[in-house]
Amino acid sequence: MFVYKKAKPTVVRLYKSKYSEKAKKALKRIQEMLKQHEKEIVAALLFLWLTAEEEIDEFTVTEALSDKRKADNINDKYDEYLYEFADENLLPKFDSLGEQAFKTTYEDNKDIITMPDSQVIKPTSIHSPILPSEAPENITIPQTNQFDYGAFYGKWCDKRAGNLIVELNEVQHQNVKSILNDVTRQGDISPQSITRRIKDTVGLTQRQLGANQKYYNNIRRSLKETNPRLSAKEIDRRAGEAAKKYADRQRTDRAKSIARSELNAAHNQAAYSYVKWCIEHGYMKNVYRKWATSGNDNVCPICLALNGQITPFDKPYKVPSSVKYNGNDIMSPPAHTSCCCGEEFIEGNKNVSNPPSEWDKMTDTEKKAHINYHSDKEQYKAYKKRLGRDNVPKSLEKFQDLKYNNNEEWNELKAQYNSSNPKYNRTGYQRSEDGVIIATNHRKGGSVPKLLKPYSVLDMEKKDGHIERTFYDKDGNISKQIHPTNHGNPKLHPYGKNGEHTHTYVWKDGELSDRTIREMTDKERKDNSDIL
């Protein structure tokens, strides 16, 4: 029975990070904003895709099959509906968010407003800038001090909405072409089924489409093999229905990602725009921005690396080179789809220090643990299910501590997990019909692992192409190794015709107690004839 020994905690958890009151307030506003508006944009996107789906007709698809140049015609109505979506849903929502954010940004940043409160122009409406006649008594406000919505926020909204429309448009056009190319290669799918496929996958990303196409093709293949009497039409119908249900889930996921990203971008840009206006009109000076993650344990490595980073107001945030990121410098959150990060505005000077971020403070092991957080979470669930809660660490954090900081105990736990899997709990080695050993693992170069699944056989391919074979016993420990050469040292390995020999291992209490080298037996030669 495996007993977990408490390890020294080393894996950083973001919910332990400390945030300023201003950062907490900014993140709270983002969550409240998403809760209030996210569902509306999700519903609008799903309606957009459903409406576009209904406009795709078989005649246009058939034309595109005969002339690939007409593939774009399939999306004509979709292109029109995209602009309607922007005008009727996206831009009005941006306006509403902007108006809220301008007001709350003023309230949240009184601490860095350098003019008396009575002299600051407070935003009232993004479409109704404060006029001189509306200013407090005895205060003269030049016309240039009116808040210019178009210059500071409106242009950004138009550009952001336009970029989203272009992206959605391009992805849909590429997806249609991918489907046409895929079915052309198969050659046994009717135009009706192709039309249905295009309809059902409207709104997916290229990666989602690839997954859906694979799912669809696998079902068709399975139906052909298991139900040979089914007609091609019925096979297409069943596979199409299954793939459509999958696509519906994929569309919902994408709609949520788009909604969250666009709303958060609009919210943060509105705050940025108002502060920029205040700086240009002298109400704020020496302003810096500080990145604040959402503060939960699902923060990605990119945002974790940016957490706490301070940058001059007009400069972008820099993603550390140690983090895998292929995009441009990030001017403000969000950093990626579904990002819920925010930022706070602080007062500084030209020599303001940029403290190390949470990422900078981490060791390489801690970074690895964070990058693998989601896969480790699923692995932890699997270990608890198979071994029981009492035989694994009590929390995911402790599970990661063990995995990344205690190699010996981790190997012991992993061997116990593998040996308890009925699929791998063999009573002996696998063999081919002619009695030759079947290798269960194959690697090119590297070191031979101390533990593998019980009764595993590992073939290690060397640079010159020859194979060295390692056998593992019922406990998953190395039991013997078959070497087909003398390693270039005939004096040390004076065995067989080519120096082929066997190493045997003896283990005691989990420690290697003996390792010998000897001549290969006739049975071993027969068992391993494929590598000799």
# chains A, B, ... in the order shown; residues from 1 in each chain; ligands from 1
call {"tool": "residues_around", "arguments": {"residues": "range 180-197 of chain A", "least_positions_apart": "4", "cutoff": "7 Å", "atoms": "only C-alpha atoms", "output": "compact mmCIF listing (two decimals) with N, CA and C atoms, in the first residue's frame"}}
result
# COMPACT_ATOMS: atom_id res chain seq x y z
N ASP A 57 -27.81 26.57 -49.44
CA ASP A 57 -28.66 25.71 -50.25
C ASP A 57 -27.84 24.70 -51.05
N GLU A 58 -28.49 23.63 -51.42
CA GLU A 58 -27.83 22.54 -52.11
C GLU A 58 -27.35 22.94 -53.50
N VAL A 61 -23.99 24.66 -53.30
CA VAL A 61 -22.96 23.68 -52.94
C VAL A 61 -22.60 22.81 -54.14
N THR A 62 -23.61 22.38 -54.89
CA THR A 62 -23.36 21.56 -56.07
C THR A 62 -22.53 22.31 -57.10
N LEU A 65 -18.97 22.30 -56.00
CA LEU A 65 -18.32 21.01 -56.21
C LEU A 65 -17.77 20.88 -57.62
N VAL A 176 -15.42 26.00 -45.27
CA VAL A 176 -16.19 25.47 -46.40
C VAL A 176 -15.27 24.78 -47.39
N THR A 201 -21.80 22.87 -39.52
CA THR A 201 -20.51 23.30 -38.95
C THR A 201 -20.28 24.80 -39.08
N ASP A 236 -24.54 8.21 -44.01
CA ASP A 236 -24.30 9.65 -43.96
C ASP A 236 -25.26 10.33 -42.98
N GLY A 240 -23.97 12.19 -39.75
CA GLY A 240 -24.25 13.61 -39.74
C GLY A 240 -24.97 14.05 -38.48
call {"tool": "closest_atom_pairs", "arguments": {"of": "range 301-376 of chain A", "to": "range 263-274 of chain A", "cutoff": "7 Å", "atoms": "only C-alpha atoms", "output": "Markdown table"}}
result
| residue | atom | partner | partner_atom | distance |
| --- | --- | --- | --- | --- |
| A:Pro333 | CA | A:Ala265 | CA | 6.3 |
| A:Pro334 | CA | A:Ala265 | CA | 5.8 |
| A:Cys340 | CA | A:Asn264 | CA | 6.7 |
| A:Gly342 | CA | A:Asn268 | CA | 6.8 |
call {"tool": "residues_around", "arguments": {"residues": "Arg160 in chain A", "least_positions_apart": "6", "cutoff": "12 Å", "atoms": "only C-alpha atoms", "output": "ChimeraX atom specification"}}
result
/A:86,90-91,94,153-154,166-167,261-263,265-266,269
call {"tool": "write_last_selection", "arguments": {"atoms": "N, CA, C and O atoms", "output": "compact mmCIF listing (two decimals), in the first residue's frame"}}
result
# COMPACT_ATOMS: atom_id res chain seq x y z
N ALA A 86 -22.76 42.83 -35.99
CA ALA A 86 -21.92 43.89 -35.44
C ALA A 86 -22.73 45.15 -35.16
O ALA A 86 -22.62 45.76 -34.10
N LEU A 90 -23.08 43.89 -31.36
CA LEU A 90 -21.75 44.10 -30.81
C LEU A 90 -21.48 45.57 -30.48
O LEU A 90 -21.11 45.90 -29.35
N LEU A 91 -21.66 46.46 -31.45
CA LEU A 91 -21.35 47.87 -31.21
C LEU A 91 -22.24 48.50 -30.13
O LEU A 91 -21.74 49.24 -29.28
N PHE A 94 -20.80 47.41 -26.89
CA PHE A 94 -19.57 48.16 -26.60
C PHE A 94 -19.90 49.54 -26.05
O PHE A 94 -19.26 50.01 -25.10
N TYR A 153 -12.63 56.22 -27.83
CA TYR A 153 -13.22 54.90 -27.66
C TYR A 153 -13.96 54.42 -28.91
O TYR A 153 -13.89 53.26 -29.29
N GLY A 154 -14.66 55.33 -29.55
CA GLY A 154 -15.47 54.95 -30.71
C GLY A 154 -14.65 54.33 -31.83
O GLY A 154 -15.05 53.32 -32.42
N VAL A 166 -13.95 40.27 -39.78
CA VAL A 166 -13.00 39.72 -40.77
C VAL A 166 -12.55 38.33 -40.36
O VAL A 166 -12.48 37.41 -41.19
N GLU A 167 -12.26 38.15 -39.07
CA GLU A 167 -11.79 36.85 -38.59
C GLU A 167 -12.87 35.78 -38.76
O GLU A 167 -12.60 34.69 -39.27
N SER A 261 -14.15 37.29 -24.42
CA SER A 261 -12.97 38.03 -24.88
C SER A 261 -13.33 39.44 -25.35
O SER A 261 -12.67 40.41 -24.98
N GLU A 262 -14.40 39.53 -26.15
CA GLU A 262 -14.77 40.84 -26.71
C GLU A 262 -15.30 41.78 -25.63
O GLU A 262 -15.00 42.97 -25.64
N LEU A 263 -16.11 41.27 -24.71
CA LEU A 263 -16.65 42.12 -23.66
C LEU A 263 -15.55 42.60 -22.72
O LEU A 263 -15.52 43.77 -22.33
N ALA A 265 -12.38 42.93 -23.48
CA ALA A 265 -11.56 43.88 -24.23
C ALA A 265 -12.23 45.25 -24.24
O ALA A 265 -11.57 46.29 -24.04
N ALA A 266 -13.54 45.28 -24.50
CA ALA A 266 -14.26 46.56 -24.55
C ALA A 266 -14.26 47.24 -23.18
O ALA A 266 -14.07 48.47 -23.08
N GLN A 269 -10.68 48.52 -22.48
CA GLN A 269 -10.33 49.62 -23.37
C GLN A 269 -11.06 50.90 -22.97
O GLN A 269 -10.51 51.99 -23.11
call {"tool": "atom_distance", "arguments": {"atom1": "CA of Lys68 in chain A", "atom2": "CA of Asn218 in chain A"}}
result
25.7 Å
call {"tool": "residues_around", "arguments": {"residues": "Glu347 in chain A", "least_positions_apart": "4", "cutoff": "12 Å", "atoms": "only C-alpha atoms", "output": "list in words"}}
result
Asn109, Lys110, Asp111, Ile112, Ile113, Thr114, Val275, Ile279, Met284, Lys285, Asn286, Val287, Tyr288, Arg289, Lys290, Ile310, Thr311, Pro312, Phe313, Asn351, Val352 and Ser353 of chain A
call {"tool": "residues_around", "arguments": {"residues": "Gly428 in chain A", "least_positions_apart": "2", "cutoff": "12 Å", "atoms": "only C-alpha atoms", "output": "JSON, numbers by chain"}}
result
{"A": [424, 425, 426, 430, 431, 437, 438, 453, 454, 455, 456, 457, 471, 472, 473, 474, 475, 476]}
call {"tool": "write_last_selection", "arguments": {"atoms": "N, CA and C atoms", "output": "PDB file, in the first residue's frame"}}
result
ATOM      1  N   TYR A 424      -3.322  -3.856 -18.183  1.00  0.00           N
ATOM      2  CA  TYR A 424      -1.876  -4.088 -18.182  1.00  0.00           C
ATOM      3  C   TYR A 424      -1.438  -5.075 -17.100  1.00  0.00           C
ATOM      4  N   ASN A 425      -2.382  -5.609 -16.370  1.00  0.00           N
ATOM      5  CA  ASN A 425      -2.030  -6.539 -15.299  1.00  0.00           C
ATOM      6  C   ASN A 425      -1.851  -7.940 -15.889  1.00  0.00           C
ATOM      7  N   ARG A 426      -0.808  -8.094 -16.652  1.00  0.00           N
ATOM      8  CA  ARG A 426      -0.573  -9.350 -17.374  1.00  0.00           C
ATOM      9  C   ARG A 426       0.069 -10.407 -16.460  1.00  0.00           C
ATOM     10  N   GLN A 430       3.939 -10.704 -23.831  1.00  0.00           N
ATOM     11  CA  GLN A 430       3.197 -10.991 -25.049  1.00  0.00           C
ATOM     12  C   GLN A 430       4.133 -11.597 -26.103  1.00  0.00           C
ATOM     13  N   ARG A 431       3.574 -12.527 -26.893  1.00  0.00           N
ATOM     14  CA  ARG A 431       4.378 -13.187 -27.925  1.00  0.00           C
ATOM     15  C   ARG A 431       3.594 -13.252 -29.234  1.00  0.00           C
ATOM     16  N   ILE A 437       9.064 -12.585 -28.779  1.00  0.00           N
ATOM     17  CA  ILE A 437       8.571 -11.577 -27.846  1.00  0.00           C
ATOM     18  C   ILE A 437       8.060 -10.343 -28.606  1.00  0.00           C
ATOM     19  N   ILE A 438       6.925  -9.787 -28.143  1.00  0.00           N
ATOM     20  CA  ILE A 438       6.372  -8.559 -28.718  1.00  0.00           C
ATOM     21  C   ILE A 438       6.717  -7.390 -27.797  1.00  0.00           C
ATOM     22  N   LYS A 453       5.168  -0.381 -16.865  1.00  0.00           N
ATOM     23  CA  LYS A 453       4.048  -1.246 -16.540  1.00  0.00           C
ATOM     24  C   LYS A 453       4.550  -2.685 -16.379  1.00  0.00           C
ATOM     25  N   PRO A 454       3.951  -3.460 -15.467  1.00  0.00           N
ATOM     26  CA  PRO A 454       4.362  -4.862 -15.277  1.00  0.00           C
ATOM     27  C   PRO A 454       4.353  -5.641 -16.590  1.00  0.00           C
ATOM     28  N   TYR A 455       5.372  -6.446 -16.763  1.00  0.00           N
ATOM     29  CA  TYR A 455       5.555  -7.273 -17.960  1.00  0.00           C
ATOM     30  C   TYR A 455       5.638  -6.455 -19.251  1.00  0.00           C
ATOM     31  N   SER A 456       6.160  -5.229 -19.135  1.00  0.00           N
ATOM     32  CA  SER A 456       6.434  -4.428 -20.337  1.00  0.00           C
ATOM     33  C   SER A 456       7.726  -4.906 -20.969  1.00  0.00           C
ATOM     34  N   VAL A 457       7.858  -4.645 -22.268  1.00  0.00           N
ATOM     35  CA  VAL A 457       9.094  -4.910 -22.998  1.00  0.00           C
ATOM     36  C   VAL A 457       9.416  -3.654 -23.797  1.00  0.00           C
ATOM     37  N   PHE A 471      13.380  -5.948 -20.355  1.00  0.00           N
ATOM     38  CA  PHE A 471      12.208  -6.639 -19.829  1.00  0.00           C
ATOM     39  C   PHE A 471      11.910  -6.121 -18.422  1.00  0.00           C
ATOM     40  N   TYR A 472      10.613  -5.994 -18.103  1.00  0.00           N
ATOM     41  CA  TYR A 472      10.174  -5.556 -16.772  1.00  0.00           C
ATOM     42  C   TYR A 472       9.360  -6.679 -16.128  1.00  0.00           C
ATOM     43  N   ASP A 473       9.545  -6.859 -14.823  1.00  0.00           N
ATOM     44  CA  ASP A 473       8.901  -7.988 -14.131  1.00  0.00           C
ATOM     45  C   ASP A 473       7.475  -7.651 -13.695  1.00  0.00           C
ATOM     46  N   LYS A 474       6.881  -8.504 -12.864  1.00  0.00           N
ATOM     47  CA  LYS A 474       5.495  -8.341 -12.430  1.00  0.00           C
ATOM     48  C   LYS A 474       5.284  -7.072 -11.605  1.00  0.00           C
ATOM     49  N   ASP A 475       6.360  -6.546 -11.022  1.00  0.00           N
ATOM     50  CA  ASP A 475       6.272  -5.316 -10.231  1.00  0.00           C
ATOM     51  C   ASP A 475       6.634  -4.075 -11.037  1.00  0.00           C
ATOM     52  N   GLY A 476       6.983  -4.269 -12.308  1.00  0.00           N
ATOM     53  CA  GLY A 476       7.343  -3.136 -13.150  1.00  0.00           C
ATOM     54  C   GLY A 476       8.800  -2.745 -13.065  1.00  0.00           C
TER      55      GLY A 476
END
call {"tool": "residues_around", "arguments": {"residues": "range 354-360 of chain A", "least_positions_apart": "6", "cutoff": "9 Å", "atoms": "only C-alpha atoms", "output": "list in words"}}
result
Val12, Leu14, Ser17, Pro301, Leu304, Ala305, Leu306, Asn307, Gly308, Gln309, Ile310, Thr311, Pro320, Glu366 and Lys367 of chain A
call {"tool": "write_last_selection", "arguments": {"atoms": "all heavy atoms", "output": "mmCIF file, in the first residue's frame"}}
result
data_model
loop_
_atom_site.group_PDB
_atom_site.id
_atom_site.type_symbol
_atom_site.label_atom_id
_atom_site.label_comp_id
_atom_site.auth_asym_id
_atom_site.auth_seq_id
_atom_site.Cartn_x
_atom_site.Cartn_y
_atom_site.Cartn_z
ATOM 1 N N VAL A 12 3.178 26.829 -6.754
ATOM 2 C CA VAL A 12 2.498 28.092 -6.493
ATOM 3 C C VAL A 12 1.039 27.996 -6.907
ATOM 4 O O VAL A 12 0.730 27.527 -7.986
ATOM 5 C CB VAL A 12 3.178 29.242 -7.266
ATOM 6 C CG1 VAL A 12 2.371 30.522 -7.141
ATOM 7 C CG2 VAL A 12 4.583 29.453 -6.737
ATOM 8 N N LEU A 14 -2.309 30.414 -7.529
ATOM 9 C CA LEU A 14 -2.576 31.828 -7.712
ATOM 10 C C LEU A 14 -3.563 32.406 -6.709
ATOM 11 O O LEU A 14 -3.553 33.594 -6.447
ATOM 12 C CB LEU A 14 -3.102 32.065 -9.130
ATOM 13 C CG LEU A 14 -2.017 32.037 -10.194
ATOM 14 C CD1 LEU A 14 -2.596 32.448 -11.519
ATOM 15 C CD2 LEU A 14 -0.868 32.955 -9.842
ATOM 16 N N SER A 17 -2.161 34.616 -4.173
ATOM 17 C CA SER A 17 -1.542 35.887 -4.517
ATOM 18 C C SER A 17 -2.261 37.034 -3.811
ATOM 19 O O SER A 17 -3.455 36.969 -3.546
ATOM 20 C CB SER A 17 -1.586 36.105 -6.030
ATOM 21 O OG SER A 17 -0.846 35.124 -6.691
ATOM 22 N N PRO A 301 -0.348 30.186 -18.262
ATOM 23 C CA PRO A 301 1.036 30.634 -18.060
ATOM 24 C C PRO A 301 1.290 32.041 -18.582
ATOM 25 O O PRO A 301 2.083 32.784 -17.999
ATOM 26 C CB PRO A 301 1.850 29.597 -18.856
ATOM 27 C CG PRO A 301 1.003 28.375 -18.852
ATOM 28 C CD PRO A 301 -0.405 28.870 -18.934
ATOM 29 N N LEU A 304 -0.234 34.437 -16.002
ATOM 30 C CA LEU A 304 0.541 34.302 -14.774
ATOM 31 C C LEU A 304 1.869 35.035 -14.902
ATOM 32 O O LEU A 304 2.326 35.701 -13.968
ATOM 33 C CB LEU A 304 0.793 32.826 -14.472
ATOM 34 C CG LEU A 304 1.665 32.517 -13.259
ATOM 35 C CD1 LEU A 304 1.061 33.115 -11.999
ATOM 36 C CD2 LEU A 304 1.842 31.023 -13.083
ATOM 37 N N ALA A 305 2.495 34.932 -16.076
ATOM 38 C CA ALA A 305 3.776 35.605 -16.298
ATOM 39 C C ALA A 305 3.610 37.118 -16.305
ATOM 40 O O ALA A 305 4.551 37.850 -15.984
ATOM 41 C CB ALA A 305 4.389 35.134 -17.610
ATOM 42 N N LEU A 306 2.413 37.595 -16.672
ATOM 43 C CA LEU A 306 2.159 39.039 -16.721
ATOM 44 C C LEU A 306 1.665 39.587 -15.387
ATOM 45 O O LEU A 306 1.695 40.803 -15.164
ATOM 46 C CB LEU A 306 1.121 39.348 -17.800
ATOM 47 C CG LEU A 306 1.559 39.122 -19.254
ATOM 48 C CD1 LEU A 306 0.366 39.254 -20.184
ATOM 49 C CD2 LEU A 306 2.648 40.101 -19.647
ATOM 50 N N ASN A 307 1.204 38.709 -14.493
ATOM 51 C CA ASN A 307 0.600 39.152 -13.245
ATOM 52 C C ASN A 307 1.554 40.033 -12.446
ATOM 53 O O ASN A 307 2.690 39.659 -12.166
ATOM 54 C CB ASN A 307 0.213 37.932 -12.405
ATOM 55 C CG ASN A 307 -0.592 38.319 -11.193
ATOM 56 O OD1 ASN A 307 -1.393 39.241 -11.240
ATOM 57 N ND2 ASN A 307 -0.385 37.617 -10.089
ATOM 58 N N GLY A 308 1.082 41.222 -12.101
ATOM 59 C CA GLY A 308 1.880 42.149 -11.315
ATOM 60 C C GLY A 308 2.850 42.984 -12.125
ATOM 61 O O GLY A 308 3.532 43.859 -11.574
ATOM 62 N N GLN A 309 2.957 42.730 -13.443
ATOM 63 C CA GLN A 309 3.883 43.499 -14.268
ATOM 64 C C GLN A 309 3.397 44.943 -14.405
ATOM 65 O O GLN A 309 2.215 45.195 -14.621
ATOM 66 C CB GLN A 309 4.008 42.869 -15.659
ATOM 67 C CG GLN A 309 5.074 43.542 -16.519
ATOM 68 C CD GLN A 309 5.242 42.895 -17.885
ATOM 69 O OE1 GLN A 309 5.260 43.583 -18.899
ATOM 70 N NE2 GLN A 309 5.361 41.571 -17.912
ATOM 71 N N ILE A 310 4.315 45.885 -14.269
ATOM 72 C CA ILE A 310 4.001 47.313 -14.368
ATOM 73 C C ILE A 310 4.611 47.865 -15.647
ATOM 74 O O ILE A 310 5.752 47.558 -15.980
ATOM 75 C CB ILE A 310 4.551 48.082 -13.148
ATOM 76 C CG1 ILE A 310 3.885 47.573 -11.855
ATOM 77 C CG2 ILE A 310 4.314 49.577 -13.295
ATOM 78 C CD1 ILE A 310 4.489 48.161 -10.603
ATOM 79 N N THR A 311 3.848 48.667 -16.364
ATOM 80 C CA THR A 311 4.338 49.254 -17.605
ATOM 81 C C THR A 311 3.893 50.702 -17.696
ATOM 82 O O THR A 311 2.825 51.058 -17.171
ATOM 83 C CB THR A 311 3.812 48.456 -18.823
ATOM 84 O OG1 THR A 311 4.407 48.962 -20.019
ATOM 85 C CG2 THR A 311 2.300 48.554 -18.946
ATOM 86 N N PRO A 320 7.307 37.318 -20.940
ATOM 87 C CA PRO A 320 8.675 36.796 -20.784
ATOM 88 C C PRO A 320 9.010 35.762 -21.853
ATOM 89 O O PRO A 320 8.144 35.000 -22.298
ATOM 90 C CB PRO A 320 8.651 36.160 -19.389
ATOM 91 C CG PRO A 320 7.555 36.871 -18.665
ATOM 92 C CD PRO A 320 6.521 37.174 -19.698
ATOM 93 N N GLU A 366 8.227 24.594 -10.777
ATOM 94 C CA GLU A 366 6.935 25.222 -10.512
ATOM 95 C C GLU A 366 6.259 25.669 -11.802
ATOM 96 O O GLU A 366 5.041 25.545 -11.957
ATOM 97 C CB GLU A 366 7.131 26.400 -9.561
ATOM 98 C CG GLU A 366 7.501 25.985 -8.152
ATOM 99 C CD GLU A 366 7.972 27.144 -7.294
ATOM 100 O OE1 GLU A 366 8.286 28.223 -7.848
ATOM 101 O OE2 GLU A 366 8.021 26.968 -6.074
ATOM 102 N N LYS A 367 7.056 26.182 -12.728
ATOM 103 C CA LYS A 367 6.490 26.596 -14.014
ATOM 104 C C LYS A 367 5.920 25.394 -14.759
ATOM 105 O O LYS A 367 4.844 25.469 -15.356
ATOM 106 C CB LYS A 367 7.568 27.293 -14.850
ATOM 107 C CG LYS A 367 7.994 28.643 -14.300
ATOM 108 C CD LYS A 367 9.139 29.236 -15.120
ATOM 109 C CE LYS A 367 9.588 30.571 -14.532
ATOM 110 N NZ LYS A 367 10.740 31.151 -15.264
#
call {"tool": "atom_distance", "arguments": {"atom1": "CA of Tyr380 in chain A", "atom2": "CA of Asp253 in chain A"}}
result
24.7 Å
call {"tool": "select_by_dssp", "arguments": {"residues": "range 207-378 of chain A", "states": "helix (DSSP H, G or I)", "output": "ChimeraX atom specification"}}
result
/A:207-226,232-280,301-306,358-361,364-371,373-378
call {"tool": "closest_residue", "arguments": {"among": "A:Ala101, A:Leu532, A:Val436, A:Leu50", "to": "Asn486 in chain A", "atoms": "only C-alpha atoms"}}
result
A:Leu532
call {"tool": "closest_residue", "arguments": {"among": "A:Asp95, A:Glu397, A:Glu88, A:Asp200", "to": "Glu55 in chain A", "atoms": "only C-alpha atoms"}}
result
A:Asp200
call {"tool": "select_by_dssp", "arguments": {"residues": "range 278-420 of chain A", "states": "strand (DSSP E)", "output": "ChimeraX atom specification"}}
result
/A:287-292,310-312,342-347
call {"tool": "write_last_selection", "arguments": {"atoms": "N, CA, C and O atoms", "output": "compact mmCIF listing (two decimals), in the first residue's frame"}}
result
# COMPACT_ATOMS: atom_id res chain seq x y z
N VAL A 287 1.18 58.20 -14.88
CA VAL A 287 0.32 57.04 -14.70
C VAL A 287 0.98 55.78 -15.29
O VAL A 287 1.50 55.81 -16.40
N TYR A 288 0.93 54.72 -14.52
CA TYR A 288 1.41 53.41 -14.97
C TYR A 288 0.24 52.42 -14.87
O TYR A 288 -0.74 52.66 -14.16
N ARG A 289 0.38 51.31 -15.60
CA ARG A 289 -0.64 50.26 -15.56
C ARG A 289 -0.03 48.99 -14.98
O ARG A 289 1.14 48.70 -15.21
N LYS A 290 -0.83 48.25 -14.22
CA LYS A 290 -0.36 47.03 -13.57
C LYS A 290 -1.33 45.90 -13.88
O LYS A 290 -2.53 46.00 -13.62
N TRP A 291 -0.81 44.80 -14.41
CA TRP A 291 -1.63 43.65 -14.81
C TRP A 291 -2.12 42.89 -13.57
O TRP A 291 -1.37 42.68 -12.62
N ALA A 292 -3.38 42.48 -13.60
CA ALA A 292 -3.96 41.69 -12.51
C ALA A 292 -4.70 40.50 -13.10
O ALA A 292 -5.61 40.67 -13.91
N ILE A 310 4.32 45.88 -14.27
CA ILE A 310 4.00 47.31 -14.37
C ILE A 310 4.61 47.87 -15.65
O ILE A 310 5.75 47.56 -15.98
N THR A 311 3.85 48.67 -16.36
CA THR A 311 4.34 49.25 -17.60
C THR A 311 3.89 50.70 -17.70
O THR A 311 2.82 51.06 -17.17
N PRO A 312 4.70 51.59 -18.31
CA PRO A 312 4.23 52.96 -18.53
C PRO A 312 2.89 52.96 -19.25
O PRO A 312 2.59 52.04 -20.03
N GLY A 342 -7.62 41.86 -15.70
CA GLY A 342 -7.85 43.29 -15.71
C GLY A 342 -6.55 44.02 -15.43
O GLY A 342 -5.47 43.41 -15.43
N GLU A 343 -6.65 45.30 -15.18
CA GLU A 343 -5.47 46.09 -14.83
C GLU A 343 -5.87 47.23 -13.93
O GLU A 343 -7.02 47.68 -13.94
N GLU A 344 -4.90 47.67 -13.13
CA GLU A 344 -5.13 48.83 -12.28
C GLU A 344 -4.20 49.95 -12.71
O GLU A 344 -3.13 49.70 -13.28
N PHE A 345 -4.62 51.17 -12.46
CA PHE A 345 -3.83 52.34 -12.81
C PHE A 345 -3.19 52.89 -11.54
O PHE A 345 -3.86 53.08 -10.52
N ILE A 346 -1.87 53.11 -11.59
CA ILE A 346 -1.15 53.58 -10.42
C ILE A 346 -0.31 54.78 -10.79
O ILE A 346 0.02 55.00 -11.97
N GLU A 347 0.05 55.55 -9.79
CA GLU A 347 0.88 56.73 -10.00
C GLU A 347 2.32 56.36 -9.69
O GLU A 347 2.61 55.67 -8.73
call {"tool": "closest_residue", "arguments": {"among": "A:Asp108, A:Tyr78, A:Gly162, A:Ile41", "to": "Ala26 in chain A", "atoms": "only C-alpha atoms"}}
result
A:Asp108
call {"tool": "atom_distance", "arguments": {"atom1": "CA of Thr504 in chain A", "atom2": "CA of Gln481 in chain A"}}
result
6.6 Å
